[in-house]
2 protein chains.
Amino acid sequence: MRISEIRATPIAFSDPPLRNSTGIHEPYALRTILQVFTDDGYVGLGESHGGAEAITRLTPELLGKDPFQLEEVRQIAGGVFAPLETACLDIMGKVADRPLVDLIGGRVRDDVPFSAYLFYKFANDVHPDVEFADLSPGEVLTPDAMLGQAREFVDRFGFRELKLKGGVLSPEDEIESLRLMRDHLGDGIGLRIDPNAIWSVPASVRACREMERLDLPMEYVEDPTRGQDGMAEVQRETRFRLATNMCVTRFEHIGTGFASGCVQVVLVDHHAWGGIVACKQLARVCEGLGWGVSMHSNSHLGISMAAMVHLGASIPNLDYACDTHYPWAKDDVIRERFRFEDGCLRVPDGPGLGVTLDEDALAELAETRIRWGRDRRDDVTEMRRFDPSWEPISPRW
Amino acid sequence: MRISEIRATPIAFSDPPLRNSTGIHEPYALRTILQVFTDDGYVGLGESHGGAEAITRLTPELLGKDPFQLEEVRQIAGGVFAPLETACLDIMGKVADRPLVDLIGGRVRDDVPFSAYLFYKFANDVHPDVEFADLSPGEVLTPDAMLGQAREFVDRFGFRELKLKGGVLSPEDEIESLRLMRDHLGDGIGLRIDPNAIWSVPASVRACREMERLDLPMEYVEDPTRGQDGMAEVQRETRFRLATNMCVTRFEHIGTGFASGCVQVVLVDHHAWGGIVACKQLARVCEGLGWGVSMHSNSHLGISMAAMVHLGASIPNLDYACDTHYPWAKDDVIRERFRFEDGCLRVPDGPGLGVTLDEDALAELAETRIRWGRDRRDDVTEMRRFDPSWEPISPRW
């Protein structure tokens with residue numbers, strides 16, 4: 001069995017004006033959809049934030065390789081291995097007539113829990129010509145408005161863990177947003193805040209102390225400040241667990257991450273850590289180091305969603321509900337979009353990823369990408385459309 | 001596909017009177033051979049040092065499980081997971097009609113390099129009634145005799161890396177043994193010594209300094225002394241890399257192992273680290289931490305050998321030739337014993353492990369085990385047969 005063709009298709013799909021510490025999401029999010037074909041008629045799917053050009057450049061080297069030879073493909077692909085691995089595992093599952101999860105250790109759960117990913121945002125009608133997902137359409141720039149968004153996520157999807165993308169309002173107003181959620185969304189809610197390292201060390205310590213004083217049910221505080229040293233300073237001053245997808249993002253960071261005591265939770269991400277198997281490897285190490293495991297997300301569609309579900313089903317020590325931007329996406333490249341039940345997604349039963357590419361949708365989103373014309377995400381320039389004086393300073397508080 | 005039967009057969013096979021720091025090998029080595037049967041007619045094989053009783057006790061829980069559900073089997077099996085995992089991967093390979101290596105990332109090499117495992121020893125005729133492998137039959141208790149044994153390993157098997165099991169003679173005589181090998185076995189020989197942590201910190205430092213002075217081609221020095229703290233003291237005093245299969249033996253030891261700087265090489269062992277996949281995970285972490293990867297061995301037969309070869313073929317950062325006791329074993333439970341060529345073993349091409357159980361040999365070695373009657377290895381008591389005053393003191397030097 002040999003790889004006979006690889007198609008890497010850049011696409012764009014509508015993404016609401018979600019705020020973050022560096023600026024605001026552009027009206028279209030960018031992804032690359034990968035199709036890997038074999039000479040005996042199998043097709044594997046992959047999805048990543050980018051890498052289409054690199055994959056196309058590497059394709060001559062990849063043609064003729066056996067999709068089971070993941071280490072060999074990894075050596076060729078380097079930094080763009082992740083979507084290729086997903087596609088190869090999709091093929092392997094189809095060959096073995098097994099769900100992908102069965103090739104990475106099998107499932108320890110049928111339903112994978114996800115968290116609400118809450119964003120301060122502008123009203124969708126700042127882009128009157130773009131159609132967005134039917135979700136929190138208005139402006140959300142106050143604690144009260146954020147409570148409304150959180151309630152919508154809880155009511156519609158059944159999430160019980162709520163992650164607030166912070167670093168947008170002042171730490172005080174963001175903490176007030178969390179307090180409102182705790183007070184109004186019932187018992188058993190778990191909270192997280194992720195200011196994307198835009199707080200200084202003193203601001204982070206102050207914020208943690210205030211959240212402690214309010215006795216907020218923080219599952220963890222994600223990347224309040226920049227760098228392992230700064231995070232370690234904050235971790236020494238708070239009883240909350242710090243989490244990261246910014247200061248421990250490669251296997252090379254694990255040693256100093258442990259020695260410095262900078263975090264207690266690491267977010268796996270098969271796109272960022274070099275694949276699904278790499279995330280299984282990372283999770284095993286986290287277990288050994290006493291680190292909790294959660295899962296990171298970026299704006300994504302259904303192929304990534306499927307990979308995340310298979311991975312999440314197979315990690316015994318997945319200690320927290322996974323992040324996902326999925327509810328914010330209106331479109332998809334798979335025939336049947338995933339639907340959350342009680343905050344969970346069920347592992348697809350079909351072979352491989354268990355999802356089917358919608359070729360028409362792919363063609364349409366590829367057209368959108370060409371019309372949109374951008375090569376990479378730029379939250380800063382987009383923010384300057386609304387605030388010409390905007391600077392992505394760090395730390396901001 | 002469900003597990004329908006599990007057979008765990010304790011066996012014993014002849015093992016020469018090999019010396020080590022705690023005493024001497026008994027004339028029979030103990031293993032457990034595992035057969036896992038499925039309801040649709042597959043059989044998977046495993047091998048471990050023991051665990052037959054525990055596996056038999058767990059069998060009611062394991063029956064009915066799907067061999068692809070490795071995480072579930074791991075949760076049930078705990079400390080005796082490793083041979084069960086080998087058997088399940090053997091079955092998975094047979095189902096997919098693929099060599100086992102293809103289920104753990106594929107192969108980065110076809111021929112896996114092994115090292116000579118050299119032992120000081122008594123003459124085989126201290127056990128006149130036992131038949132041993134035709135290898136280094138005489139007494140080896142001097143540097144000259146050890147040179148003879150090393151030459152035999154080089155000439156017969158083509159090994160270019162030589163590992164001396166140390167902690168038997170004085171450090172001076174063991175270093176002299178290494179010097180003779182360097183001087184008489186040609187260029188390109190790589191040397192290792194493993195005193196099994198029987199040296200004190202000062203003795204370890206003195207030995208390393210002496211090996212440095214002689215400019216011996218040490219690939220690494222394995223476990224000269226006990227514990228991460230002691231090893232770290234020695235590592236700070238020598239330019240040689242320290243290796244371990246004693247002070248970093250679980251994922252829980254990795255954090256302090258890195259922080260203490262106690263080693264630069266870790267020996268994977270799928271029996272000891274909880275399976276083949278766990279060793280792949282460990283190797284990935286070692287890559288991230290900048291640790292070299294080698295492979296550990298205990299007295300073993302062909303099923304373990306096959307598993308070691310598949311694993312060794314799949315680890316990109318296998319930096320050193322693997323240890324193996326295999327040449328010291330006369331018997332086997334597989335139909336066709338592995339044969340070294342230029343110090344390497346070729347990955348079997350058949351599905352799964354690619355080896356076939358020799359049921360007659362298994363029955364015979366099970367008989368031997370019953371006749372031998374021992375439940376566990378005891379090198380100390382065996383040594384007292386030859387030296388009634390023997391005490392396994394540590395450190396000895």
# chains A, B, ... in the order shown; residues from 1 in each chain; ligands from 1
call {"tool": "residues_around", "arguments": {"residues": "A:Val221", "least_positions_apart": "4", "cutoff": "6 Å", "atoms": "only C-alpha atoms", "output": "short mmCIF file (atom, residue, chain, number, x, y, z; two decimals) with all heavy atoms, in the first residue's frame"}}
result
data_model
loop_
_atom_site.label_atom_id
_atom_site.label_comp_id
_atom_site.auth_asym_id
_atom_site.auth_seq_id
_atom_site.Cartn_x
_atom_site.Cartn_y
_atom_site.Cartn_z
N ARG A 192 -12.40 28.33 34.05
CA ARG A 192 -11.02 28.54 33.63
C ARG A 192 -10.91 29.94 33.04
O ARG A 192 -11.88 30.42 32.46
CB ARG A 192 -10.60 27.54 32.54
CG ARG A 192 -10.93 26.13 32.84
CD ARG A 192 -10.77 25.26 31.60
NE ARG A 192 -11.28 23.93 31.86
CZ ARG A 192 -11.38 22.98 30.93
NH1 ARG A 192 -11.01 23.24 29.68
NH2 ARG A 192 -11.85 21.80 31.25
N ILE A 193 -9.75 30.53 33.14
CA ILE A 193 -9.51 31.78 32.43
C ILE A 193 -8.15 31.68 31.75
O ILE A 193 -7.22 31.08 32.29
CB ILE A 193 -9.58 33.00 33.36
CG1 ILE A 193 -9.48 34.30 32.56
CG2 ILE A 193 -8.54 32.92 34.47
CD1 ILE A 193 -9.83 35.54 33.37
N LEU A 242 -1.76 26.20 37.72
CA LEU A 242 -1.55 26.90 36.46
C LEU A 242 -1.49 25.87 35.33
O LEU A 242 -0.95 24.77 35.50
CB LEU A 242 -0.26 27.73 36.49
CG LEU A 242 -0.18 28.86 37.51
CD1 LEU A 242 1.00 29.77 37.19
CD2 LEU A 242 -1.47 29.65 37.58
N ALA A 243 -2.04 26.27 34.19
CA ALA A 243 -2.04 25.41 33.00
C ALA A 243 -1.36 26.16 31.87
O ALA A 243 -1.24 27.38 31.91
CB ALA A 243 -3.47 25.05 32.61
#
call {"tool": "closest_atom_pairs", "arguments": {"of": "chain B", "to": "chain A", "cutoff": "6 Å", "atoms": "only C-alpha atoms", "output": "JSON lines"}}
result
{"residue": "B:Phe68", "atom": "CA", "partner": "A:Asp102", "partner_atom": "CA", "distance": 5.7}
{"residue": "B:Gln69", "atom": "CA", "partner": "A:Gly106", "partner_atom": "CA", "distance": 4.2}
{"residue": "B:Leu70", "atom": "CA", "partner": "A:Gly105", "partner_atom": "CA", "distance": 4.8}
{"residue": "B:Glu71", "atom": "CA", "partner": "A:Gly105", "partner_atom": "CA", "distance": 5.3}
{"residue": "B:Ala96", "atom": "CA", "partner": "A:Ala96", "partner_atom": "CA", "distance": 5.4}
{"residue": "B:Asp102", "atom": "CA", "partner": "A:Phe68", "partner_atom": "CA", "distance": 5.7}
{"residue": "B:Gly105", "atom": "CA", "partner": "A:Leu70", "partner_atom": "CA", "distance": 4.8}
{"residue": "B:Gly106", "atom": "CA", "partner": "A:Gln69", "partner_atom": "CA", "distance": 4.2}
{"residue": "B:Phe251", "atom": "CA", "partner": "A:Gly288", "partner_atom": "CA", "distance": 4.4}
{"residue": "B:Glu252", "atom": "CA", "partner": "A:Gly288", "partner_atom": "CA", "distance": 4.1}
{"residue": "B:Gly255", "atom": "CA", "partner": "A:Leu289", "partner_atom": "CA", "distance": 6.0}
{"residue": "B:Ala259", "atom": "CA", "partner": "A:Ala259", "partner_atom": "CA", "distance": 5.4}
{"residue": "B:Gln281", "atom": "CA", "partner": "A:Gln281", "partner_atom": "CA", "distance": 4.7}
{"residue": "B:Gly288", "atom": "CA", "partner": "A:Glu252", "partner_atom": "CA", "distance": 4.1}
{"residue": "B:Leu289", "atom": "CA", "partner": "A:Glu252", "partner_atom": "CA", "distance": 5.6}
call {"tool": "write_last_selection", "arguments": {"atoms": "C-alpha atoms", "output": "PDB file, in the first residue's frame"}}
result
ATOM      1  CA  PHE B  68      -7.167  -3.566  20.403  1.00  0.00           C
ATOM      2  CA  GLN B  69      -8.293  -1.914  23.655  1.00  0.00           C
ATOM      3  CA  LEU B  70      -4.794  -1.678  25.075  1.00  0.00           C
ATOM      4  CA  GLU B  71      -5.592   1.108  27.541  1.00  0.00           C
ATOM      5  CA  ALA B  96      -4.010  -6.136   9.991  1.00  0.00           C
ATOM      6  CA  ASP B 102       3.795  -1.185  11.774  1.00  0.00           C
ATOM      7  CA  GLY B 105       4.919   3.826  14.074  1.00  0.00           C
ATOM      8  CA  GLY B 106       6.619   1.639  11.505  1.00  0.00           C
ATOM      9  CA  PHE B 251       7.714   7.766  34.280  1.00  0.00           C
ATOM     10  CA  GLU B 252       7.492   9.146  37.827  1.00  0.00           C
ATOM     11  CA  GLY B 255      11.199  14.782  36.436  1.00  0.00           C
ATOM     12  CA  ALA B 259      16.331  18.111  37.456  1.00  0.00           C
ATOM     13  CA  GLN B 281       6.653   7.151  24.743  1.00  0.00           C
ATOM     14  CA  GLY B 288      13.022  16.051  24.224  1.00  0.00           C
ATOM     15  CA  LEU B 289      15.204  15.978  27.330  1.00  0.00           C
TER      16      LEU B 289
END
call {"tool": "select_by_dssp", "arguments": {"residues": "stretch 125-352 of chain B", "states": "helix (DSSP H, G or I)", "output": "CSV table (one decimal) with N, CA and C atoms, in the first residue's frame"}}
result
chain,number,residue,atom,x,y,z
B,125,ASP,N,31.0,-26.3,34.1
B,125,ASP,CA,31.0,-27.6,34.7
B,125,ASP,C,30.8,-27.6,36.2
B,126,VAL,N,30.6,-26.4,36.7
B,126,VAL,CA,30.1,-26.4,38.1
B,126,VAL,C,28.7,-27.0,38.2
B,143,PRO,N,41.0,-10.5,33.6
B,143,PRO,CA,40.9,-9.7,32.4
B,143,PRO,C,41.3,-10.4,31.2
B,144,ASP,N,42.2,-11.3,31.2
B,144,ASP,CA,42.6,-12.1,30.1
B,144,ASP,C,41.5,-13.0,29.6
B,145,ALA,N,40.9,-13.7,30.6
B,145,ALA,CA,39.8,-14.6,30.2
B,145,ALA,C,38.6,-13.8,29.6
B,146,MET,N,38.4,-12.6,30.2
B,146,MET,CA,37.3,-11.8,29.7
B,146,MET,C,37.6,-11.4,28.2
B,147,LEU,N,38.8,-11.1,27.9
B,147,LEU,CA,39.2,-10.7,26.6
B,147,LEU,C,38.8,-11.9,25.6
B,148,GLY,N,39.1,-13.1,26.1
B,148,GLY,CA,38.7,-14.3,25.3
B,148,GLY,C,37.2,-14.3,25.0
B,149,GLN,N,36.5,-14.1,26.1
B,149,GLN,CA,35.0,-14.1,25.9
B,149,GLN,C,34.6,-13.1,24.9
B,150,ALA,N,35.1,-11.8,25.1
B,150,ALA,CA,34.7,-10.7,24.2
B,150,ALA,C,35.1,-11.1,22.8
B,151,ARG,N,36.2,-11.7,22.6
B,151,ARG,CA,36.6,-12.0,21.2
B,151,ARG,C,35.7,-13.0,20.6
B,152,GLU,N,35.2,-13.9,21.4
B,152,GLU,CA,34.2,-14.9,20.9
B,152,GLU,C,32.9,-14.3,20.5
B,153,PHE,N,32.5,-13.3,21.3
B,153,PHE,CA,31.2,-12.6,20.9
B,153,PHE,C,31.4,-11.8,19.6
B,154,VAL,N,32.6,-11.2,19.5
B,154,VAL,CA,32.8,-10.4,18.3
B,154,VAL,C,32.9,-11.3,17.1
B,155,ASP,N,33.7,-12.4,17.2
B,155,ASP,CA,33.9,-13.2,16.1
B,155,ASP,C,32.6,-14.0,15.6
B,156,ARG,N,31.8,-14.4,16.6
B,156,ARG,CA,30.7,-15.3,16.3
B,156,ARG,C,29.5,-14.5,15.9
B,157,PHE,N,29.3,-13.3,16.5
B,157,PHE,CA,28.0,-12.6,16.3
B,157,PHE,C,28.2,-11.2,15.6
B,171,PRO,N,37.2,-2.7,40.6
B,171,PRO,CA,37.1,-1.8,39.5
B,171,PRO,C,38.4,-1.8,38.7
B,172,GLU,N,39.5,-1.9,39.3
B,172,GLU,CA,40.8,-1.9,38.6
B,172,GLU,C,40.9,-3.0,37.6
B,173,ASP,N,40.5,-4.2,38.0
B,173,ASP,CA,40.6,-5.4,37.1
B,173,ASP,C,39.5,-5.3,36.0
B,174,GLU,N,38.4,-4.7,36.3
B,174,GLU,CA,37.3,-4.6,35.3
B,174,GLU,C,37.7,-3.5,34.3
B,175,ILE,N,38.4,-2.5,34.7
B,175,ILE,CA,38.9,-1.5,33.8
B,175,ILE,C,40.0,-2.1,32.9
B,176,GLU,N,40.8,-2.9,33.5
B,176,GLU,CA,41.9,-3.6,32.8
B,176,GLU,C,41.2,-4.5,31.7
B,177,SER,N,40.1,-5.2,32.0
B,177,SER,CA,39.4,-6.0,31.1
B,177,SER,C,39.0,-5.1,29.9
B,178,LEU,N,38.4,-3.9,30.2
B,178,LEU,CA,38.0,-3.0,29.1
B,178,LEU,C,39.2,-2.6,28.2
B,179,ARG,N,40.3,-2.3,28.9
B,179,ARG,CA,41.5,-1.8,28.2
B,179,ARG,C,42.0,-2.9,27.2
B,180,LEU,N,42.0,-4.2,27.7
B,180,LEU,CA,42.4,-5.2,26.8
B,180,LEU,C,41.5,-5.3,25.5
B,181,MET,N,40.2,-5.2,25.8
B,181,MET,CA,39.3,-5.2,24.6
B,181,MET,C,39.6,-4.1,23.6
B,182,ARG,N,39.8,-2.9,24.2
B,182,ARG,CA,40.1,-1.7,23.3
B,182,ARG,C,41.4,-2.0,22.5
B,183,ASP,N,42.4,-2.6,23.2
B,183,ASP,CA,43.7,-2.7,22.6
B,183,ASP,C,43.7,-3.9,21.6
B,184,HIS,N,42.9,-4.9,21.8
B,184,HIS,CA,43.0,-6.1,21.0
B,184,HIS,C,41.8,-6.4,20.1
B,201,VAL,N,30.1,6.4,45.5
B,201,VAL,CA,30.3,7.6,44.7
B,201,VAL,C,31.8,7.8,44.5
B,202,PRO,N,32.7,7.8,45.6
B,202,PRO,CA,34.1,8.0,45.3
B,202,PRO,C,34.7,6.9,44.4
B,203,ALA,N,34.3,5.7,44.6
B,203,ALA,CA,34.9,4.6,43.7
B,203,ALA,C,34.4,4.8,42.3
B,204,SER,N,33.2,5.3,42.1
B,204,SER,CA,32.7,5.6,40.8
B,204,SER,C,33.5,6.7,40.1
B,205,VAL,N,33.7,7.7,40.9
B,205,VAL,CA,34.5,8.9,40.3
B,205,VAL,C,35.9,8.4,40.0
B,206,ARG,N,36.5,7.7,40.9
B,206,ARG,CA,37.9,7.2,40.6
B,206,ARG,C,37.9,6.3,39.3
B,207,ALA,N,36.9,5.4,39.2
B,207,ALA,CA,36.9,4.5,38.1
B,207,ALA,C,36.7,5.3,36.8
B,208,CYS,N,35.8,6.3,36.8
B,208,CYS,CA,35.6,7.1,35.6
B,208,CYS,C,36.8,7.9,35.2
B,209,ARG,N,37.5,8.4,36.2
B,209,ARG,CA,38.7,9.2,36.0
B,209,ARG,C,39.8,8.3,35.3
B,210,GLU,N,39.9,7.1,35.8
B,210,GLU,CA,40.9,6.1,35.3
B,210,GLU,C,40.5,5.7,33.9
B,211,MET,N,39.2,5.5,33.6
B,211,MET,CA,38.8,5.2,32.2
B,211,MET,C,39.0,6.4,31.3
B,212,GLU,N,38.9,7.6,31.8
B,212,GLU,CA,39.2,8.8,31.1
B,212,GLU,C,40.7,8.9,30.8
B,213,ARG,N,41.5,8.6,31.8
B,213,ARG,CA,42.9,8.7,31.6
B,213,ARG,C,43.4,7.7,30.6
B,227,GLY,N,21.1,5.3,43.1
B,227,GLY,CA,20.3,6.5,43.4
B,227,GLY,C,20.6,7.7,42.5
B,228,GLN,N,19.5,8.5,42.3
B,228,GLN,CA,19.7,9.7,41.5
B,228,GLN,C,20.7,10.7,42.1
B,229,ASP,N,20.7,10.8,43.4
B,229,ASP,CA,21.6,11.8,44.0
B,229,ASP,C,23.1,11.4,43.8
B,230,GLY,N,23.4,10.1,44.1
B,230,GLY,CA,24.7,9.6,43.9
B,230,GLY,C,25.2,9.7,42.4
B,231,MET,N,24.3,9.3,41.6
B,231,MET,CA,24.6,9.3,40.1
B,231,MET,C,24.9,10.7,39.7
B,232,ALA,N,24.1,11.7,40.2
B,232,ALA,CA,24.3,13.1,39.8
B,232,ALA,C,25.7,13.6,40.3
B,233,GLU,N,26.1,13.1,41.5
B,233,GLU,CA,27.4,13.5,41.9
B,233,GLU,C,28.5,13.0,41.0
B,234,VAL,N,28.3,11.7,40.6
B,234,VAL,CA,29.3,11.1,39.7
B,234,VAL,C,29.3,11.8,38.3
B,235,GLN,N,28.0,12.1,37.8
B,235,GLN,CA,27.9,12.7,36.5
B,235,GLN,C,28.6,14.1,36.4
B,236,ARG,N,28.5,14.8,37.5
B,236,ARG,CA,29.2,16.1,37.6
B,236,ARG,C,30.7,16.0,37.5
B,237,GLU,N,31.3,14.8,37.8
B,237,GLU,CA,32.7,14.6,37.9
B,237,GLU,C,33.3,13.9,36.7
B,251,PHE,N,8.0,6.4,34.7
B,251,PHE,CA,7.7,7.8,34.3
B,251,PHE,C,7.8,8.8,35.4
B,252,GLU,N,7.5,8.3,36.6
B,252,GLU,CA,7.5,9.1,37.8
B,252,GLU,C,8.9,9.6,38.2
B,253,HIS,N,9.9,8.9,37.7
B,253,HIS,CA,11.3,9.3,38.0
B,253,HIS,C,11.9,10.3,37.0
B,254,ILE,N,11.2,10.6,35.9
B,254,ILE,CA,11.8,11.4,34.9
B,254,ILE,C,12.0,12.8,35.3
B,255,GLY,N,11.1,13.4,36.0
B,255,GLY,CA,11.2,14.8,36.4
B,255,GLY,C,12.4,15.0,37.3
B,256,THR,N,12.5,14.3,38.4
B,256,THR,CA,13.7,14.5,39.3
B,256,THR,C,15.0,14.0,38.6
B,257,GLY,N,14.8,13.0,37.7
B,257,GLY,CA,16.0,12.5,37.0
B,257,GLY,C,16.6,13.7,36.2
B,258,PHE,N,15.7,14.4,35.5
B,258,PHE,CA,16.2,15.5,34.7
B,258,PHE,C,16.7,16.7,35.6
B,259,ALA,N,16.0,17.0,36.6
B,259,ALA,CA,16.3,18.1,37.5
B,259,ALA,C,17.7,17.9,38.2
B,260,SER,N,17.9,16.6,38.5
B,260,SER,CA,19.2,16.3,39.2
B,260,SER,C,20.4,16.1,38.3
B,276,ILE,N,5.6,-2.0,25.1
B,276,ILE,CA,6.3,-1.6,23.9
B,276,ILE,C,5.9,-0.1,23.7
B,277,VAL,N,4.6,0.2,23.7
B,277,VAL,CA,4.2,1.6,23.5
B,277,VAL,C,4.7,2.5,24.5
B,278,ALA,N,4.8,2.1,25.8
B,278,ALA,CA,5.4,2.9,26.8
B,278,ALA,C,6.8,3.2,26.5
B,279,CYS,N,7.6,2.3,26.0
B,279,CYS,CA,9.0,2.5,25.6
B,279,CYS,C,9.1,3.5,24.4
B,280,LYS,N,8.1,3.5,23.5
B,280,LYS,CA,8.1,4.5,22.5
B,280,LYS,C,7.8,5.8,23.1
B,281,GLN,N,6.9,5.9,24.1
B,281,GLN,CA,6.7,7.2,24.7
B,281,GLN,C,7.9,7.7,25.5
B,282,LEU,N,8.6,6.7,26.2
B,282,LEU,CA,9.8,7.1,26.9
B,282,LEU,C,10.8,7.6,26.0
B,283,ALA,N,11.0,7.0,24.8
B,283,ALA,CA,12.0,7.4,23.9
B,283,ALA,C,11.8,8.8,23.4
B,284,ARG,N,10.5,9.1,23.2
B,284,ARG,CA,10.1,10.5,22.7
B,284,ARG,C,10.5,11.5,23.7
B,285,VAL,N,10.2,11.2,25.0
B,285,VAL,CA,10.6,12.1,26.1
B,285,VAL,C,12.1,12.2,26.2
B,286,CYS,N,12.8,11.1,26.0
B,286,CYS,CA,14.3,11.2,26.1
B,286,CYS,C,14.8,12.1,25.0
B,287,GLU,N,14.2,12.1,23.8
B,287,GLU,CA,14.6,13.0,22.7
B,287,GLU,C,14.4,14.4,23.2
B,288,GLY,N,13.3,14.7,23.8
B,288,GLY,CA,13.0,16.1,24.2
B,288,GLY,C,14.0,16.5,25.3
B,289,LEU,N,14.3,15.6,26.2
B,289,LEU,CA,15.2,16.0,27.3
B,289,LEU,C,16.7,16.0,26.9
B,302,GLY,N,12.9,-16.1,22.7
B,302,GLY,CA,12.7,-15.6,21.4
B,302,GLY,C,11.5,-14.7,21.3
B,303,ILE,N,10.5,-14.8,22.2
B,303,ILE,CA,9.3,-14.0,22.1
B,303,ILE,C,9.7,-12.6,22.5
B,304,SER,N,10.4,-12.5,23.6
B,304,SER,CA,10.9,-11.2,24.1
B,304,SER,C,11.9,-10.6,23.0
B,305,MET,N,12.7,-11.5,22.5
B,305,MET,CA,13.7,-11.1,21.4
B,305,MET,C,12.9,-10.4,20.3
B,306,ALA,N,11.8,-11.0,19.8
B,306,ALA,CA,11.1,-10.5,18.7
B,306,ALA,C,10.5,-9.1,19.1
B,307,ALA,N,9.9,-9.0,20.3
B,307,ALA,CA,9.4,-7.7,20.7
B,307,ALA,C,10.4,-6.7,20.8
B,308,MET,N,11.6,-7.0,21.3
B,308,MET,CA,12.7,-6.1,21.4
B,308,MET,C,13.1,-5.6,20.0
B,309,VAL,N,13.1,-6.5,19.0
B,309,VAL,CA,13.5,-6.1,17.7
B,309,VAL,C,12.5,-5.2,17.0
B,310,HIS,N,11.2,-5.5,17.2
B,310,HIS,CA,10.2,-4.6,16.6
B,310,HIS,C,10.3,-3.2,17.3
B,311,LEU,N,10.4,-3.2,18.6
B,311,LEU,CA,10.6,-1.9,19.3
B,311,LEU,C,11.8,-1.2,18.8
B,312,GLY,N,12.9,-1.9,18.8
B,312,GLY,CA,14.2,-1.3,18.4
B,312,GLY,C,14.2,-0.7,17.0
B,313,ALA,N,13.4,-1.4,16.1
B,313,ALA,CA,13.3,-0.9,14.7
B,313,ALA,C,12.5,0.3,14.6
B,314,SER,N,11.7,0.6,15.6
B,314,SER,CA,10.7,1.7,15.5
B,314,SER,C,11.1,3.0,16.3
B,326,TYR,N,20.4,-12.9,24.9
B,326,TYR,CA,19.9,-14.0,24.0
B,326,TYR,C,21.0,-15.1,23.7
B,327,PRO,N,22.2,-14.6,23.4
B,327,PRO,CA,23.2,-15.7,23.0
B,327,PRO,C,23.5,-16.6,24.1
B,328,TRP,N,23.3,-16.3,25.4
B,328,TRP,CA,23.5,-17.1,26.5
B,328,TRP,C,22.5,-18.3,26.7
call {"tool": "closest_residue", "arguments": {"among": "B:Glu47, B:Glu85, B:Asp323, B:Glu139", "to": "B:Lys121", "atoms": "only C-alpha atoms"}}
result
B:Glu139
call {"tool": "atom_distance", "arguments": {"atom1": "atom CA of A:Ala197", "atom2": "atom CA of A:Met246"}}
result
8.0 Å
call {"tool": "residues_around", "arguments": {"residues": "A:Ala87", "least_positions_apart": "6", "cutoff": "6 Å", "atoms": "only C-alpha atoms", "output": "short mmCIF file (atom, residue, chain, number, x, y, z; two decimals) with N, CA and C atoms, in the first residue's frame"}}
result
data_model
loop_
_atom_site.label_atom_id
_atom_site.label_comp_id
_atom_site.auth_asym_id
_atom_site.auth_seq_id
_atom_site.Cartn_x
_atom_site.Cartn_y
_atom_site.Cartn_z
N GLY A 44 -7.39 9.13 3.21
CA GLY A 44 -7.31 9.60 4.59
C GLY A 44 -7.42 11.11 4.63
N LEU A 45 -8.04 11.62 5.70
CA LEU A 45 -8.27 13.05 5.83
C LEU A 45 -7.44 13.65 6.96
N GLY A 46 -7.04 14.90 6.77
CA GLY A 46 -6.35 15.63 7.82
C GLY A 46 -6.74 17.09 7.77
#
call {"tool": "closest_residue", "arguments": {"among": "B:Gly50, B:Pro113, B:Pro16, B:Gly64", "to": "B:Val347", "atoms": "only C-alpha atoms"}}
result
B:Pro113
call {"tool": "residues_around", "arguments": {"residues": "stretch 350-366 of chain B", "least_positions_apart": "2", "cutoff": "7 Å", "atoms": "only C-alpha atoms", "output": "PyMOL selection string"}}
result
chain B and resi 9-13+89-94+97-100+306-307+332-335+348+368-370
call {"tool": "select_by_dssp", "arguments": {"residues": "stretch 55-188 of chain A", "states": "strand (DSSP E)", "output": "PyMOL selection string"}}
result
chain A and resi 111-113+116-119+161-165
call {"tool": "atom_distance", "arguments": {"atom1": "atom CA of A:Ile198", "atom2": "atom CA of A:Ser170"}}
result
10.8 Å
call {"tool": "closest_residue", "arguments": {"among": "B:Ala272, B:Ala82, B:Leu141, B:Ile6", "to": "B:Leu169", "atoms": "only C-alpha atoms"}}
result
B:Leu141
call {"tool": "closest_residue", "arguments": {"among": "A:Glu5, A:Glu391, A:Asp40, A:Asp111", "to": "A:Phe340", "atoms": "only C-alpha atoms"}}
result
A:Asp111
call {"tool": "atom_distance", "arguments": {"atom1": "atom CA of A:Thr38", "atom2": "atom CA of A:Ile3"}}
result
4.3 Å
